[in-house]
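Taking it in order: structure first as structure tokens, then the write-up.
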Amino acid sequence: MLAIHADSWFDGAAFHHHPVTVVIDAGQISAMHDGRVTVPHAETLHVGFLSPGLVESHAHLFLDGHVYDTAMRSAYMEAGREVFLATGRKNLERLRASGITLVRDCGDKWGINHALRAEAAGTTLPVVRSAGVAIRRKGRYGSFMAEEVTDAVTAGAAVRTRGDSDDLKIVLTGIIDFAAAAVKGGPQFDLTELNAITAAARELGKPTVAHCSGREGIDLAVQAGVGSIEHGFFLDAPLLDRMAASGTAWTPTWIPVSWVRDNPASCGVGPDGVAGLGRILDQHRANLLEAHRRGTVILAGSDAGSLGVRHGDGLHDDLAAYADAGIPIAAVLAAATSAPRRAWGLPGGRIARGEPADLAAFAASPMTGLSHLRRAVATVVAGRLWRADLSASLAVA
Ligand SMILES: [Zn+2]
């Protein structure tokens, strides 16, 4: 049995500015007491702040965000399975040290995400939610993460082989032309094809996740009932309203784009690109606040593994950007705790009696600085305690 004394806490929706004792037994929160209560026979931990375990809603575990340079990135892509697995293991340790207990891997074509999911199960590492291999249009963007399909029939058939994926990942649009401040090319699938994909995923009972930016692609995704829009650059108010009405979630992945703006030379981006990136990010920032005001579901995700986006720090950089856009801290933290678990139909994301013991503890409250969440002092996954002070893994954090 474990008893956590916290000076203040967040229950998944609201902050509580008084001490609490959370008792954990058999993987569940078995009791909660106001104040610091001594629980006989329990290991006791004193922490400054307690939250449901944080969730990184968009990551690629096999990729190392410390690789800053596009030439180095190209060489890394040839490194092979054992190197990718070793990178993924380190990334999971970084995520844990950052208070993350659940990570959604949004695709890799080698299936490293599935292998890491199996390795992490039953340990104190974060639970891995794995999309496995994504689906893209033949010849279009997404070669590092997706299988190629050519039409509604081959797309539907590919989906039906994804029984072991937690989510079905669709690469729906291309990458962004920074100088033009626009998405390159039209959507990879038309509405008939996309409907075939989402229908096949529904038959399998899998949520759909679409890499998607630009109004044309996002409009298609909402029409086809895609579960979450990843990146979502160039959103507008009417689309945010429709997403709020249909329950379509949005994972904003702010930091990979702002990293390119701040490090243009690493990516060969010139002055026109930097100016375009400024316009893209201004619009994205405004859309974040509009999404919050409209009740659009926001899932905090950083696309960790992208150039310059380190696992763990990436999520915290994204959270800082959401707060900077004007979203209240409680809503920012909900986007990284309760909202994703609710969107994926998972239990937890709340601190209450009877809930799964899936927690992150920190030295101090984010109400006195969001940066206090960057380093966890402890995490609990399905009742399994990890303590930073007893762990050698801080060396990689
Ligand atoms: Zn991604």
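Scheme for the structure tokens: letters A, B, ... for chains in order shown; per-chain residue numbers from 1; ligand numbers from 1 in order shown.
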
Nearby residues (only C-alpha atoms) at most 12 Å from region 18-32 of chain A, same-chain spacing under 6 positions excluded, as a count of residues only: 48

| request: Enumerate as a PyMOL selection string the residues within 8 Å of ligand 1, counting only C-alpha atoms and all ligand atoms. | output: chain A and resi 58-60+106-107+211+230+303-304+306

Practice item. Record the distance separating CA of Leu288 (chain A) and CA of Pro256 (chain A), expressed in Å with one decimal. Key: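 Interatomic distance, CA of Leu288 (chain A) to CA of Pro256 (chain A): 15.7 Å.
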
- Task: Return as a ChimeraX atom specification the full set of residues in region 110-290 of chain A whose backbone-based DSSP assignment is strand (DSSP E).
- Result: /A:127-130,134-137,146-149,168-171,176-177,182-183,208-212,228-231,249-251

With N, CA, C and O atoms retained, write the just-selected residues as a short mmCIF file (atom, residue, chain, number, x, y, z; two decimals), in the first residue's frame.
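Result went into again05.cif, see below:
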data_model
loop_
_atom_site.label_atom_id
_atom_site.label_comp_id
_atom_site.auth_asym_id
_atom_site.auth_seq_id
_atom_site.Cartn_x
_atom_site.Cartn_y
_atom_site.Cartn_z
N VAL A 127 2.64 3.89 -20.21
CA VAL A 127 1.86 3.01 -21.07
C VAL A 127 1.95 3.58 -22.50
O VAL A 127 1.79 4.78 -22.70
N VAL A 128 2.24 2.70 -23.46
CA VAL A 128 2.33 3.13 -24.86
C VAL A 128 1.04 2.78 -25.58
O VAL A 128 0.60 1.63 -25.56
N ARG A 129 0.43 3.79 -26.17
CA ARG A 129 -0.72 3.59 -27.04
C ARG A 129 -0.16 3.69 -28.45
O ARG A 129 0.38 4.72 -28.84
N SER A 130 -0.27 2.62 -29.21
CA SER A 130 0.48 2.54 -30.47
C SER A 130 -0.42 2.48 -31.69
O SER A 130 -1.31 1.64 -31.78
N ALA A 134 0.99 3.66 -40.09
CA ALA A 134 -0.08 4.53 -40.59
C ALA A 134 -0.43 4.18 -42.04
O ALA A 134 0.16 3.28 -42.65
N ILE A 135 -1.40 4.91 -42.59
CA ILE A 135 -1.85 4.70 -43.97
C ILE A 135 -1.72 6.01 -44.75
O ILE A 135 -2.13 7.07 -44.26
N ARG A 136 -1.11 5.95 -45.92
CA ARG A 136 -0.98 7.14 -46.76
C ARG A 136 -1.26 6.77 -48.21
O ARG A 136 -1.25 5.60 -48.60
N ARG A 137 -1.47 7.80 -49.03
CA ARG A 137 -1.64 7.62 -50.48
C ARG A 137 -0.29 7.31 -51.11
O ARG A 137 0.70 7.93 -50.77
N ALA A 146 4.20 5.24 -42.77
CA ALA A 146 2.95 4.74 -43.34
C ALA A 146 3.13 3.73 -44.47
O ALA A 146 4.11 3.76 -45.21
N GLU A 147 2.12 2.86 -44.58
CA GLU A 147 1.98 1.93 -45.70
C GLU A 147 1.23 2.65 -46.82
O GLU A 147 0.32 3.45 -46.56
N GLU A 148 1.57 2.33 -48.06
CA GLU A 148 0.93 3.00 -49.19
C GLU A 148 -0.34 2.27 -49.62
O GLU A 148 -0.35 1.03 -49.71
N VAL A 149 -1.38 3.01 -49.90
CA VAL A 149 -2.61 2.45 -50.48
C VAL A 149 -2.97 3.29 -51.70
O VAL A 149 -2.48 4.41 -51.86
N LEU A 168 -5.99 4.11 -35.42
CA LEU A 168 -5.73 4.00 -36.85
C LEU A 168 -5.26 5.37 -37.34
O LEU A 168 -6.02 6.33 -37.33
N LYS A 169 -3.99 5.43 -37.76
CA LYS A 169 -3.40 6.71 -38.17
C LYS A 169 -3.50 6.88 -39.68
O LYS A 169 -3.07 6.01 -40.44
N ILE A 170 -4.04 8.02 -40.10
CA ILE A 170 -4.20 8.34 -41.52
C ILE A 170 -3.34 9.57 -41.82
O ILE A 170 -3.43 10.58 -41.12
N VAL A 171 -2.52 9.48 -42.86
CA VAL A 171 -1.82 10.68 -43.31
C VAL A 171 -2.72 11.31 -44.37
O VAL A 171 -2.81 10.83 -45.50
N ILE A 176 3.85 21.39 -44.76
CA ILE A 176 3.53 22.81 -44.94
C ILE A 176 4.66 23.51 -45.68
O ILE A 176 5.84 23.31 -45.38
N ASP A 177 4.29 24.31 -46.67
CA ASP A 177 5.22 25.21 -47.35
C ASP A 177 5.29 26.47 -46.49
O ASP A 177 4.35 27.26 -46.46
N ALA A 182 1.15 27.71 -46.47
CA ALA A 182 0.05 26.88 -46.99
C ALA A 182 0.48 25.42 -47.00
O ALA A 182 1.68 25.11 -46.99
N VAL A 183 -0.50 24.52 -47.03
CA VAL A 183 -0.21 23.08 -47.13
C VAL A 183 0.19 22.77 -48.56
O VAL A 183 -0.38 23.30 -49.51
N THR A 208 -9.78 6.94 -34.95
CA THR A 208 -8.96 7.41 -36.08
C THR A 208 -8.27 8.71 -35.72
O THR A 208 -8.80 9.55 -35.02
N VAL A 209 -7.06 8.83 -36.25
CA VAL A 209 -6.16 9.95 -35.96
C VAL A 209 -5.64 10.42 -37.31
O VAL A 209 -5.04 9.62 -38.03
N ALA A 210 -5.84 11.68 -37.67
CA ALA A 210 -5.40 12.12 -39.00
C ALA A 210 -4.34 13.21 -38.92
O ALA A 210 -4.56 14.25 -38.28
N HIS A 211 -3.20 12.97 -39.57
CA HIS A 211 -2.24 14.04 -39.82
C HIS A 211 -2.92 14.97 -40.82
O HIS A 211 -3.21 14.55 -41.96
N CYS A 212 -3.21 16.19 -40.41
CA CYS A 212 -4.08 16.99 -41.25
C CYS A 212 -3.92 18.48 -40.95
O CYS A 212 -4.11 18.92 -39.82
N SER A 228 -9.47 12.46 -34.22
CA SER A 228 -8.66 13.62 -33.84
C SER A 228 -7.82 14.11 -35.01
O SER A 228 -7.32 13.33 -35.82
N ILE A 229 -7.76 15.46 -35.07
CA ILE A 229 -6.98 16.16 -36.09
C ILE A 229 -5.63 16.47 -35.49
O ILE A 229 -5.53 17.17 -34.48
N GLU A 230 -4.57 15.94 -36.11
CA GLU A 230 -3.22 16.18 -35.62
C GLU A 230 -2.61 17.36 -36.38
O GLU A 230 -2.71 17.43 -37.60
N HIS A 231 -2.01 18.28 -35.66
CA HIS A 231 -1.38 19.51 -36.17
C HIS A 231 -2.46 20.58 -36.41
O HIS A 231 -2.49 21.57 -35.74
N ALA A 249 -11.50 15.91 -31.85
CA ALA A 249 -10.44 16.50 -31.02
C ALA A 249 -9.35 17.12 -31.90
O ALA A 249 -9.23 16.81 -33.09
N TRP A 250 -8.57 17.99 -31.27
CA TRP A 250 -7.46 18.67 -31.96
C TRP A 250 -6.19 18.55 -31.13
O TRP A 250 -6.18 18.88 -29.95
N THR A 251 -5.13 18.03 -31.76
CA THR A 251 -3.80 17.97 -31.13
C THR A 251 -2.92 19.01 -31.81
O THR A 251 -2.51 18.83 -32.96
#

Shell of 12 Å around Gly345 (chain A), only C-alpha atoms, local chain residues under 6 positions omitted, as a VMD selection string: chain A and resid 166 to 167 205 to 207 227 338 to 339

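The space separating CA of Ala180 (chain A) from CA of Gly276 (chain A) comes to 6.4 Å.
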
Shortest contact to Leu289 (chain A), candidates A:Leu85, A:Val37, A:Ala321, A:Val103, atoms counted only C-alpha atoms, goes to A:Ala321

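Nearest residue to Thr173 (chain A), choosing from A:Glu216, A:Glu193, A:Asp317, A:Asp272 and counting only C-alpha atoms: A:Glu216.
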
Identify, with DSSP run on backbone atoms, the residues in region 281-392 of chain A assigned to alpha helix (DSSP H), and express the list as JSON, numbers by chain.
{"A": [281, 282, 283, 284, 285, 286, 287, 288, 289, 290, 291, 292, 293, 294, 313, 314, 315, 316, 317, 318, 319, 320, 321, 322, 323, 324, 329, 330, 331, 332, 333, 334, 335, 338, 339, 340, 341, 342, 343]}

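What separates CA of Asp108 (chain A) from CA of Gly273 (chain A) is a distance of 27.8 Å.
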
Practice problem: With a distance cut-off of 12 Å and only C-alpha atoms, select the neighbouring residues of Glu93 (chain A), excluding the residue or stretch itself and same-chain residues fewer than 2 positions from it, and output the selection as a PyMOL selection string. | Solution: chain A and resi 61+86-91+95-101+103+116+120+123-127+310-312+375-376+379+386+388+391-397

Leu194 (chain A): which residues within 12 Å, counting only C-alpha atoms, same-chain residues fewer than 4 positions away excluded, as an NGL selection string? :A and (135-137 or 149-156 or 159 or 169-173 or 187-190 or 198-201 or 208-210 or 217-226)

Could you save the residues just selected, with C-alpha atoms, as a compact mmCIF listing (two decimals), in the first residue's frame?
# COMPACT_ATOMS: atom_id res chain seq x y z
CA ILE A 135 -1.85 4.70 -43.97
CA ARG A 136 -0.98 7.14 -46.76
CA ARG A 137 -1.64 7.62 -50.48
CA VAL A 149 -2.61 2.45 -50.48
CA THR A 150 -4.12 3.42 -53.82
CA ASP A 151 -7.91 3.61 -53.45
CA ALA A 152 -10.89 3.00 -51.14
CA VAL A 153 -10.63 -0.79 -51.56
CA THR A 154 -6.92 -1.12 -50.73
CA ALA A 155 -7.28 1.47 -47.93
CA GLY A 156 -10.18 -0.45 -46.35
CA VAL A 159 -7.28 -0.91 -42.12
CA LYS A 169 -3.40 6.71 -38.17
CA ILE A 170 -4.20 8.34 -41.52
CA VAL A 171 -1.82 10.68 -43.31
CA LEU A 172 -4.47 12.90 -44.85
CA THR A 173 -2.50 15.95 -45.99
CA PRO A 187 -5.65 16.05 -49.42
CA GLN A 188 -4.27 12.53 -50.04
CA PHE A 189 -7.78 10.98 -49.98
CA ASP A 190 -11.19 12.13 -51.23
CA THR A 198 -13.12 5.54 -41.07
CA ALA A 199 -15.91 2.97 -41.60
CA ALA A 200 -13.38 0.10 -41.58
CA ALA A 201 -11.76 1.54 -38.43
CA THR A 208 -8.96 7.41 -36.08
CA VAL A 209 -6.16 9.95 -35.96
CA ALA A 210 -5.40 12.12 -39.00
CA GLY A 217 -8.30 18.44 -45.39
CA ILE A 218 -9.80 19.31 -42.00
CA ASP A 219 -13.25 19.76 -43.60
CA LEU A 220 -12.95 16.23 -45.09
CA ALA A 221 -11.77 14.77 -41.78
CA VAL A 222 -14.71 16.24 -39.87
CA GLN A 223 -17.16 15.01 -42.54
CA ALA A 224 -15.73 11.48 -42.37
CA GLY A 225 -15.90 11.40 -38.57
CA VAL A 226 -12.15 11.26 -37.87

* **Test item: residues at most 9 Å from Gly295 (chain A), only C-alpha atoms, excluding those fewer than 5 positions along its chain, as a PyMOL selection string** => chain A and resi 240-241+243-245+290

Atoms to include: C-alpha atoms. Write the selected residues as a PDB file, in the first residue's frame.
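Output below, filename again_32.pdb:
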ATOM      1  CA  LEU A 240     -13.538  24.838 -34.760  1.00  0.00           C
ATOM      2  CA  ASP A 241     -17.304  25.169 -34.256  1.00  0.00           C
ATOM      3  CA  MET A 243     -15.236  20.147 -34.411  1.00  0.00           C
ATOM      4  CA  ALA A 244     -16.766  21.223 -31.097  1.00  0.00           C
ATOM      5  CA  ALA A 245     -20.215  20.066 -32.281  1.00  0.00           C
ATOM      6  CA  GLU A 290     -10.755  30.125 -29.975  1.00  0.00           C
TER       7      GLU A 290
END
